[in-house]
file start-v2.csv (CSV, C-alpha atoms)
chain,number,residue,atom,x,y,z
A,1,MET,CA,108.9,98.4,154.3
A,2,ASP,CA,110.4,96.9,157.4
A,3,LEU,CA,112.6,93.8,157.0
A,4,THR,CA,111.3,90.3,157.6
A,5,GLU,CA,113.0,88.1,160.2
A,6,GLU,CA,114.7,86.2,157.3
A,7,GLU,CA,116.0,89.5,155.8
A,8,LYS,CA,117.3,90.7,159.2
A,9,ILE,CA,119.3,87.5,159.4
A,10,MET,CA,120.7,88.1,155.9
A,11,GLU,CA,121.6,91.7,156.9
A,12,THR,CA,123.9,90.4,159.7
A,13,SER,CA,125.1,87.1,158.2
A,14,GLY,CA,128.6,87.1,156.8
A,15,LYS,CA,129.6,90.0,159.0
A,16,ASN,CA,129.4,88.2,162.3
A,17,LYS,CA,128.0,91.4,163.9
A,18,LYS,CA,124.9,93.5,163.9
A,19,ILE,CA,124.8,96.5,161.5
A,20,GLU,CA,125.7,99.6,163.5
A,21,TYR,CA,125.6,103.3,162.7
A,22,MET,CA,128.0,105.8,164.5
A,23,VAL,CA,126.5,109.2,165.2
A,24,PRO,CA,129.0,111.9,166.5
A,25,LEU,CA,127.2,114.5,168.5
A,26,ASP,CA,128.6,117.8,169.8
A,27,GLY,CA,125.8,118.7,172.3
A,28,SER,CA,123.9,121.1,170.0
A,29,ALA,CA,120.3,120.6,169.0
A,30,MET,CA,121.4,121.0,165.4
A,31,SER,CA,123.7,118.0,165.6
A,32,LYS,CA,120.7,115.8,166.7
A,33,SER,CA,119.3,116.1,163.1
A,34,ALA,CA,121.5,113.1,162.3
A,35,LEU,CA,119.6,111.0,164.9
A,36,THR,CA,116.4,111.1,162.9
A,37,ALA,CA,118.2,109.4,159.9
A,38,ALA,CA,120.1,107.0,162.2
A,39,LYS,CA,116.9,105.8,163.9
A,40,ALA,CA,115.0,105.4,160.6
A,41,MET,CA,117.9,103.4,159.1
A,42,ALA,CA,118.3,101.3,162.3
A,43,LYS,CA,114.6,100.4,162.3
A,44,LYS,CA,114.5,99.5,158.6
A,45,ARG,CA,117.7,97.4,158.8
A,46,ALA,CA,117.5,96.0,162.3
A,47,ALA,CA,120.7,97.9,163.2
A,48,GLY,CA,122.2,99.4,166.4
A,49,ILE,CA,123.5,102.9,167.0
A,50,ILE,CA,126.7,104.2,168.5
A,51,LEU,CA,126.6,107.7,170.0
A,52,LEU,CA,130.0,109.4,170.2
A,53,HIS,CA,131.1,112.7,171.8
A,54,VAL,CA,134.7,113.9,171.6
A,55,ILE,CA,135.8,116.5,174.3
A,56,GLU,CA,137.2,119.3,172.2
A,57,LYS,CA,140.4,121.2,173.1
A,58,ASN,CA,140.0,124.9,173.6
A,59,PRO,CA,136.3,124.8,172.6
A,60,PRO,CA,134.1,127.9,172.4
A,61,SER,CA,131.9,128.5,175.5
A,62,THR,CA,128.7,128.1,173.4
A,63,ILE,CA,127.8,126.3,170.2
A,64,HIS,CA,124.9,127.7,168.2
A,65,GLY,CA,123.8,129.6,171.3
A,66,GLU,CA,123.9,126.5,173.5
A,67,LYS,CA,126.4,125.6,176.3
A,68,HIS,CA,129.3,123.6,175.0
A,69,LEU,CA,129.9,120.2,176.5
A,70,THR,CA,133.4,120.3,178.1
A,71,ASP,CA,132.9,118.0,181.1
A,72,ILE,CA,133.2,114.3,180.8
A,73,ASN,CA,130.4,113.5,183.2
A,74,GLU,CA,128.1,116.1,181.6
A,75,ALA,CA,128.8,114.6,178.2
A,76,ASN,CA,128.0,111.1,179.5
A,77,ARG,CA,124.7,112.3,181.0
A,78,TYR,CA,123.9,114.0,177.7
A,79,LEU,CA,124.6,110.9,175.6
A,80,GLU,CA,122.8,108.6,178.1
A,81,LYS,CA,119.7,110.7,178.0
A,82,ILE,CA,119.6,110.5,174.2
A,83,ALA,CA,120.3,106.7,174.4
A,84,GLU,CA,117.4,106.1,176.7
A,85,GLU,CA,115.0,107.9,174.3
A,86,ILE,CA,116.3,105.7,171.4
A,87,ARG,CA,116.2,102.5,173.4
A,88,SER,CA,112.5,103.2,174.1
A,89,GLU,CA,112.0,102.7,170.3
A,90,ASN,CA,113.6,99.2,170.6
A,91,ILE,CA,116.9,100.2,169.0
A,92,PRO,CA,120.1,99.0,170.6
A,93,VAL,CA,122.4,101.9,171.6
A,94,LYS,CA,126.0,102.2,172.8
A,95,ILE,CA,127.6,105.4,174.0
A,96,HIS,CA,131.2,106.6,174.2
A,97,VAL,CA,132.7,109.8,175.4
A,98,HIS,CA,136.4,110.4,174.4
A,99,PRO,CA,137.9,111.8,177.6
A,100,ASN,CA,141.1,113.3,176.2
A,101,ARG,CA,140.7,116.8,174.9
A,102,GLU,CA,141.3,116.8,171.1
A,103,GLY,CA,142.3,119.6,168.8
A,104,ASP,CA,141.8,117.4,165.7
A,105,VAL,CA,138.2,116.2,166.1
A,106,ALA,CA,138.0,114.7,162.6
A,107,ARG,CA,141.0,112.4,163.3
A,108,SER,CA,139.5,111.4,166.6
A,109,ILE,CA,136.2,110.4,165.0
A,110,VAL,CA,138.1,108.4,162.4
A,111,GLU,CA,140.2,106.6,165.1
A,112,HIS,CA,137.0,105.7,167.0
A,113,ALA,CA,135.4,104.4,163.9
A,114,ALA,CA,138.5,102.3,163.2
A,115,GLU,CA,138.1,100.8,166.7
A,116,MET,CA,134.3,100.4,166.7
A,117,ASN,CA,134.0,99.5,163.0
A,118,PRO,CA,130.6,100.9,162.3
A,119,ASP,CA,128.9,100.2,158.9
A,120,MET,CA,128.3,103.9,158.4
A,121,VAL,CA,128.9,107.2,160.1
A,122,ILE,CA,126.0,109.6,160.2
A,123,MET,CA,126.6,113.3,160.8
A,124,CYS,CA,124.9,116.6,160.7
A,125,THR,CA,126.3,119.3,158.5
A,126,HIS,CA,126.5,122.7,160.1
A,127,GLY,CA,129.0,125.6,160.7
A,128,ARG,CA,132.7,125.4,161.1
A,129,GLY,CA,135.4,124.4,163.5
A,130,GLY,CA,135.6,121.2,165.5
A,131,PHE,CA,132.4,119.2,165.1
A,132,ARG,CA,131.1,122.3,163.3
A,133,GLY,CA,133.5,122.0,160.4
A,134,LEU,CA,131.5,119.4,158.4
A,135,TRP,CA,130.7,121.3,155.3
A,136,TYR,CA,133.8,122.8,153.7
A,137,GLY,CA,137.1,120.9,153.9
A,138,SER,CA,135.1,118.7,156.1
A,139,ILE,CA,135.3,116.1,158.7
A,140,ALA,CA,133.3,113.9,156.4
A,141,GLN,CA,135.8,114.1,153.6
A,142,GLN,CA,138.6,113.6,156.0
A,143,ALA,CA,136.9,110.5,157.4
A,144,LEU,CA,136.6,109.1,153.9
A,145,GLN,CA,140.2,110.0,153.2
A,146,LEU,CA,141.5,108.3,156.3
A,147,GLY,CA,139.0,105.4,156.6
A,148,THR,CA,136.7,103.3,154.5
A,149,TRP,CA,133.3,104.0,156.1
A,150,PRO,CA,130.4,105.5,154.2
A,151,ILE,CA,129.5,108.9,155.5
A,152,LEU,CA,125.9,110.0,155.5
A,153,LEU,CA,125.6,113.8,155.8
A,154,ILE,CA,122.3,115.2,157.1
A,155,PRO,CA,121.4,118.9,156.7
A,156,PRO,CA,120.3,120.5,160.0
A,157,ALA,CA,116.6,121.0,160.5
A,158,GLU,CA,115.5,124.6,159.9
A,159,THR,CA,112.9,124.4,162.7
A,160,GLU,CA,112.8,122.7,166.1
A,161,SER,CA,110.9,119.7,164.7
A,162,LEU,CA,113.4,117.3,163.1
A,163,ILE,CA,113.0,116.5,159.4
A,164,GLU,CA,111.8,112.9,158.7
A,165,PHE,CA,114.3,110.7,156.9
A,166,ASN,CA,112.4,108.5,154.5
A,167,PRO,CA,114.1,108.6,151.1
A,168,LYS,CA,111.8,107.6,148.3
A,169,LYS,CA,113.8,108.9,145.4
A,170,ILE,CA,117.5,108.2,145.5
A,171,LEU,CA,119.9,109.8,143.0
A,172,VAL,CA,123.1,107.8,142.2
A,173,PRO,CA,125.6,109.7,140.0
A,174,LEU,CA,128.1,107.4,138.2
A,175,ASP,CA,130.8,108.0,135.7
A,176,GLY,CA,131.2,104.7,133.9
A,177,ASN,CA,134.2,103.7,136.0
A,178,HIS,CA,133.7,100.6,138.0
A,179,ASP,CA,135.8,102.1,140.9
A,180,PHE,CA,132.8,104.4,141.5
A,181,GLU,CA,130.2,101.6,141.8
A,182,PRO,CA,130.6,101.1,145.6
A,183,ALA,CA,128.0,103.8,145.8
A,184,LEU,CA,125.5,101.3,144.4
A,185,ASN,CA,126.4,98.7,147.1
A,186,GLU,CA,125.2,101.2,149.7
A,187,ALA,CA,122.3,102.6,147.7
A,188,VAL,CA,120.6,99.3,146.9
A,189,PRO,CA,120.1,98.1,150.5
A,190,ILE,CA,118.7,101.5,151.4
A,191,ALA,CA,116.4,101.5,148.4
A,192,LYS,CA,115.2,98.0,149.3
A,193,ALA,CA,114.6,99.0,152.9
A,194,PHE,CA,112.7,102.2,152.2
A,195,GLY,CA,111.0,101.1,149.0
A,196,SER,CA,112.8,103.8,147.1
A,197,ARG,CA,113.1,104.5,143.4
A,198,MET,CA,116.7,104.8,142.2
A,199,HIS,CA,117.7,107.3,139.5
A,200,LEU,CA,121.1,106.4,137.9
A,201,VAL,CA,122.8,109.2,136.0
A,202,ILE,CA,126.0,109.9,134.1
A,203,VAL,CA,127.0,113.5,133.1
A,204,ILE,CA,128.8,113.9,129.8
A,205,PRO,CA,130.1,117.4,129.2
A,206,THR,CA,129.3,119.5,126.2
A,207,VAL,CA,132.1,120.9,124.1
A,208,ALA,CA,131.8,124.2,126.0
A,209,LYS,CA,132.1,122.4,129.4
A,210,MET,CA,135.1,120.2,128.5
A,211,ALA,CA,137.9,120.7,131.0
A,212,GLY,CA,141.7,120.1,131.0
A,213,GLU,CA,143.3,118.5,128.0
A,214,ARG,CA,139.9,117.6,126.6
A,215,GLY,CA,139.0,121.3,126.8
A,216,THR,CA,142.0,122.1,124.6
A,217,VAL,CA,140.9,119.5,122.1
A,218,GLY,CA,137.4,121.0,122.1
A,219,LYS,CA,138.7,124.5,121.5
A,220,PHE,CA,140.9,123.6,118.5
A,221,LEU,CA,139.1,120.6,117.1
A,222,PRO,CA,135.4,121.2,118.0
A,223,THR,CA,134.0,118.8,115.4
A,224,ALA,CA,136.2,115.9,116.6
A,225,ALA,CA,135.3,116.8,120.2
A,226,ARG,CA,131.6,116.6,119.4
A,227,VAL,CA,132.0,113.2,117.8
A,228,MET,CA,134.0,112.0,120.8
A,229,LEU,CA,131.3,113.2,123.1
A,230,GLU,CA,128.5,111.6,121.2
A,231,LEU,CA,130.3,108.3,121.4
A,232,ALA,CA,130.6,108.9,125.1
A,233,VAL,CA,126.9,109.5,125.4
A,234,GLN,CA,126.2,106.2,123.7
A,235,GLY,CA,128.7,104.5,125.9
A,236,GLY,CA,127.1,106.1,129.0
A,237,GLN,CA,123.7,104.9,128.0
A,238,ASP,CA,125.0,101.3,127.5
A,239,TYR,CA,126.8,101.4,130.8
A,240,LEU,CA,123.7,102.6,132.7
A,241,ALA,CA,121.5,100.0,131.1
A,242,GLY,CA,123.8,97.3,132.3
A,243,VAL,CA,123.9,98.7,135.8
A,244,ALA,CA,120.2,99.1,135.9
A,245,GLN,CA,119.7,95.4,135.0
A,246,LYS,CA,121.6,94.5,138.1
A,247,CYS,CA,119.4,96.7,140.2
A,248,LEU,CA,116.2,95.3,138.6
A,249,ARG,CA,117.3,91.8,139.7
A,250,SER,CA,116.9,93.2,143.2
A,251,ASN,CA,113.3,94.1,142.4
A,252,LEU,CA,114.0,97.8,142.5
A,253,GLU,CA,112.4,100.5,140.4
A,254,VAL,CA,115.2,102.1,138.4
A,255,THR,CA,115.5,104.9,135.9
A,256,THR,CA,118.6,106.0,133.9
A,257,GLU,CA,119.6,109.3,132.4
A,258,VAL,CA,122.6,110.7,130.5
A,259,LEU,CA,122.9,114.4,131.4
A,260,ARG,CA,124.9,117.0,129.4
A,261,GLY,CA,126.8,119.9,130.8
A,262,ASP,CA,128.8,120.7,133.9
A,263,THR,CA,128.9,117.7,136.2
A,264,VAL,CA,128.1,119.3,139.5
A,265,ALA,CA,125.5,121.7,138.1
A,266,GLU,CA,123.7,118.9,136.2
A,267,ILE,CA,123.7,116.6,139.3
A,268,LEU,CA,122.2,119.3,141.5
A,269,GLU,CA,119.7,120.5,138.9
A,270,PHE,CA,118.5,116.9,138.2
A,271,ALA,CA,118.2,116.2,142.0
A,272,GLY,CA,115.9,119.2,142.2
A,273,GLN,CA,113.9,118.3,139.2
A,274,MET,CA,113.3,114.7,140.4
A,275,GLU,CA,112.7,115.9,144.0
A,276,SER,CA,115.4,113.5,145.2
A,277,ASP,CA,115.5,112.7,148.9
A,278,LEU,CA,119.0,111.4,149.0
A,279,ILE,CA,122.1,111.5,146.8
A,280,VAL,CA,124.5,108.5,147.0
A,281,MET,CA,127.9,109.0,145.3
A,282,SER,CA,131.5,107.7,145.5
A,283,SER,CA,134.3,110.0,146.5
A,284,HIS,CA,138.1,109.8,146.8
A,285,GLY,CA,137.7,111.8,150.1
A,286,ARG,CA,140.0,114.6,148.9
A,287,THR,CA,139.8,117.8,150.9
A,288,GLY,CA,140.7,121.5,150.8
A,289,ILE,CA,143.0,122.7,148.1
A,290,SER,CA,143.7,119.2,146.5
A,291,ALA,CA,139.9,118.7,146.1
A,292,HIS,CA,139.7,122.0,144.2
A,293,LEU,CA,142.8,121.5,142.1
A,294,GLU,CA,141.6,118.0,141.1
A,295,GLY,CA,138.0,119.2,140.5
A,296,SER,CA,136.5,116.8,143.0
A,297,VAL,CA,132.8,116.4,142.1
A,298,ALA,CA,131.8,114.9,145.4
A,299,HIS,CA,133.5,117.7,147.3
A,300,ARG,CA,131.7,120.4,145.3
A,301,VAL,CA,128.3,118.6,145.5
A,302,THR,CA,128.9,118.3,149.3
A,303,ASP,CA,129.3,122.1,149.5
A,304,ARG,CA,126.0,122.8,147.6
A,305,ALA,CA,123.6,119.9,148.3
A,306,GLY,CA,120.7,120.8,150.4
A,307,ILE,CA,119.5,117.2,150.9
A,308,PRO,CA,121.0,114.2,152.6
A,309,LEU,CA,124.2,113.0,150.9
A,310,LEU,CA,125.8,109.6,151.3
A,311,LEU,CA,129.5,109.6,150.4
A,312,VAL,CA,131.2,106.2,149.7
A,313,LYS,CA,134.9,105.7,149.2
A,314,THR,CA,135.8,104.6,145.7
A,315,GLU,CA,136.9,101.0,145.1
A,316,GLU,CA,140.3,102.1,144.0
A,317,ASP,CA,140.9,103.9,147.3
A,318,GLN,CA,139.5,101.0,149.4
A,319,ALA,CA,142.1,98.6,147.8
call {"tool": "encode", "arguments": {"input": "start-v2.csv", "output": "structure tokens"}}
result
Amino acid sequence: MDLTEEEKIMETSGKNKKIEYMVPLDGSAMSKSALTAAKAMAKKRAAGIILLHVIEKNPPSTIHGEKHLTDINEANRYLEKIAEEIRSENIPVKIHVHPNREGDVARSIVEHAAEMNPDMVIMCTHGRGGFRGLWYGSIAQQALQLGTWPILLIPPAETESLIEFNPKKILVPLDGNHDFEPALNEAVPIAKAFGSRMHLVIVIPTVAKMAGERGTVGKFLPTAARVMLELAVQGGQDYLAGVAQKCLRSNLEVTTEVLRGDTVAEILEFAGQMESDLIVMSSHGRTGISAHLEGSVAHRVTDRAGIPLLLVKTEEDQA
């Protein structure tokens, strides 16, 4: 469902600029998996693409069996070749090679995003180190922590043919807190552009899965805990119904579900059952040890999701 001319004007009005997606590339074929999503999004939303390569300090000689890009001219030729292919599909493209060798690639990406102000950063998830450290402790989470741009993570294609990005079933996990609703602000335009069905979910733990102080209450006062959780289920249903009404006003197909159990396990299981094409969720952007100590749901979903995942900074952290 491509946008009409009127909708294209609406997409850019109020921002005084065309929608743009930044795609960091490291020179590997795997990293190009992000391009499929970027091109699909650009076509649907009349957007442009920014291709970025950061020259890495002390890089390995190869990356996934391919020669690593360490020369500025070589990197420019690489990006320009890709840009020409994208422009042939009538998508505006800019390219930028960061010439100074960087040890902290994540921070360099964030600094370029701050300068170029894209509407979204789209990245492939693969491996570790430099551009390859996107999965665990990740550049994506660091970018969320340091900036405000939504980060779309695309799993690498398992074969040479790139996987089509055409999300028809979008899963949006919520928690009843309005700070986490920015995920909806990103999910709704994507659903409208691709004609997607949206599945809104909240996970309420069972007594056995209660954590922290609530877990202590559940252990010593199980009856009281069950009553409290049943009230939470009803509150979750009411909250989702209200959110769904807002989505329905945008003429979207929406379903809601209150799940019970461990938050991460339930989100991933539901995504599999519904054959979701995309998960959109808010995150504080916590990384490493702090994410584990604070039980970051988005961080753990990022580690285990096998489908595209769009991370959006919470409203509290954007303030």
call {"tool": "residues_around", "arguments": {"input": "start-v2.csv", "residues": "Glu115 in chain A", "least_positions_apart": "6", "cutoff": "12 Å", "atoms": "all atoms listed in the file", "output": "list in words"}}
result
Met22, His96, Ser108, Ile109 and Gly147 of chain A
call {"tool": "residues_near_point", "arguments": {"input": "start-v2.csv", "point": "(116.3, 104.1, 165.5)", "cutoff": "10 Å", "atoms": "all atoms listed in the file", "output": "CSV table (one decimal) with C-alpha atoms, in the frame of the given file"}}
result
chain,number,residue,atom,x,y,z
A,21,TYR,CA,125.6,103.3,162.7
A,35,LEU,CA,119.6,111.0,164.9
A,36,THR,CA,116.4,111.1,162.9
A,37,ALA,CA,118.2,109.4,159.9
A,38,ALA,CA,120.1,107.0,162.2
A,39,LYS,CA,116.9,105.8,163.9
A,40,ALA,CA,115.0,105.4,160.6
A,41,MET,CA,117.9,103.4,159.1
A,42,ALA,CA,118.3,101.3,162.3
A,43,LYS,CA,114.6,100.4,162.3
A,44,LYS,CA,114.5,99.5,158.6
A,45,ARG,CA,117.7,97.4,158.8
A,46,ALA,CA,117.5,96.0,162.3
A,47,ALA,CA,120.7,97.9,163.2
A,48,GLY,CA,122.2,99.4,166.4
A,49,ILE,CA,123.5,102.9,167.0
A,85,GLU,CA,115.0,107.9,174.3
A,86,ILE,CA,116.3,105.7,171.4
A,87,ARG,CA,116.2,102.5,173.4
A,88,SER,CA,112.5,103.2,174.1
A,89,GLU,CA,112.0,102.7,170.3
A,90,ASN,CA,113.6,99.2,170.6
A,91,ILE,CA,116.9,100.2,169.0
A,92,PRO,CA,120.1,99.0,170.6
A,93,VAL,CA,122.4,101.9,171.6
call {"tool": "atom_distance", "arguments": {"input": "start-v2.csv", "atom1": "CA of Met274 in chain A", "atom2": "CA of Ser196 in chain A"}}
result
12.8 Å
call {"tool": "residues_near_point", "arguments": {"input": "start-v2.csv", "point": "(113.6, 112.0, 149.8)", "cutoff": "9 Å", "atoms": "only C-alpha atoms", "output": "number ranges by chain"}}
result
A: 165-170, 196, 275-278, 307-308
call {"tool": "closest_residue", "arguments": {"input": "start-v2.csv", "among": "A:His199, A:Gln234, A:Arg300, A:Lys313", "to": "Thr256 in chain A", "atoms": "all atoms listed in the file"}}
result
A:His199
call {"tool": "atom_distance", "arguments": {"input": "start-v2.csv", "atom1": "CA of Ser250 in chain A", "atom2": "CA of Ala191 in chain A"}}
result
9.8 Å
call {"tool": "atom_distance", "arguments": {"input": "start-v2.csv", "atom1": "CA of Leu268 in chain A", "atom2": "CA of Val312 in chain A"}}
result
17.9 Å
call {"tool": "closest_residue", "arguments": {"input": "start-v2.csv", "among": "A:Leu229, A:Phe180, A:Thr125, A:Glu80", "to": "Ala305 in chain A", "atoms": "only C-alpha atoms"}}
result
A:Thr125
call {"tool": "closest_residue", "arguments": {"input": "start-v2.csv", "among": "A:Met198, A:Leu25, A:Leu69, A:Ala298", "to": "Leu252 in chain A", "atoms": "all atoms listed in the file"}}
result
A:Met198
call {"tool": "residues_around", "arguments": {"input": "start-v2.csv", "residues": "Ser282 in chain A", "least_positions_apart": "3", "cutoff": "10 Å", "atoms": "all atoms listed in the file", "output": "ChimeraX atom specification"}}
result
/A:144,150,172-175,179-184,186,285,297-298,310-315
call {"tool": "decode", "arguments": {"input": "start-v2.csv", "residues": "range 235-251 of chain A", "atoms": "C-alpha atoms", "output": "PDB file, in the first residue's frame"}}
result
ATOM      1  CA  GLY A 235      -6.301  -3.442  34.399  1.00  0.00           C
ATOM      2  CA  GLY A 236      -4.192  -4.695  31.499  1.00  0.00           C
ATOM      3  CA  GLN A 237      -7.266  -5.619  29.489  1.00  0.00           C
ATOM      4  CA  ASP A 238      -8.793  -2.183  30.071  1.00  0.00           C
ATOM      5  CA  TYR A 239      -5.536  -0.447  29.154  1.00  0.00           C
ATOM      6  CA  LEU A 240      -5.121  -2.418  25.925  1.00  0.00           C
ATOM      7  CA  ALA A 241      -8.733  -1.750  24.959  1.00  0.00           C
ATOM      8  CA  GLY A 242      -8.128   1.983  25.265  1.00  0.00           C
ATOM      9  CA  VAL A 243      -4.914   1.844  23.241  1.00  0.00           C
ATOM     10  CA  ALA A 244      -6.587  -0.321  20.593  1.00  0.00           C
ATOM     11  CA  GLN A 245      -9.324   2.273  20.131  1.00  0.00           C
ATOM     12  CA  LYS A 246      -6.687   4.876  19.245  1.00  0.00           C
ATOM     13  CA  CYS A 247      -5.229   2.517  16.635  1.00  0.00           C
ATOM     14  CA  LEU A 248      -8.653   1.699  15.226  1.00  0.00           C
ATOM     15  CA  ARG A 249      -9.207   5.401  14.587  1.00  0.00           C
ATOM     16  CA  SER A 250      -6.284   5.114  12.159  1.00  0.00           C
ATOM     17  CA  ASN A 251      -8.226   2.386  10.326  1.00  0.00           C
TER      18      ASN A 251
END
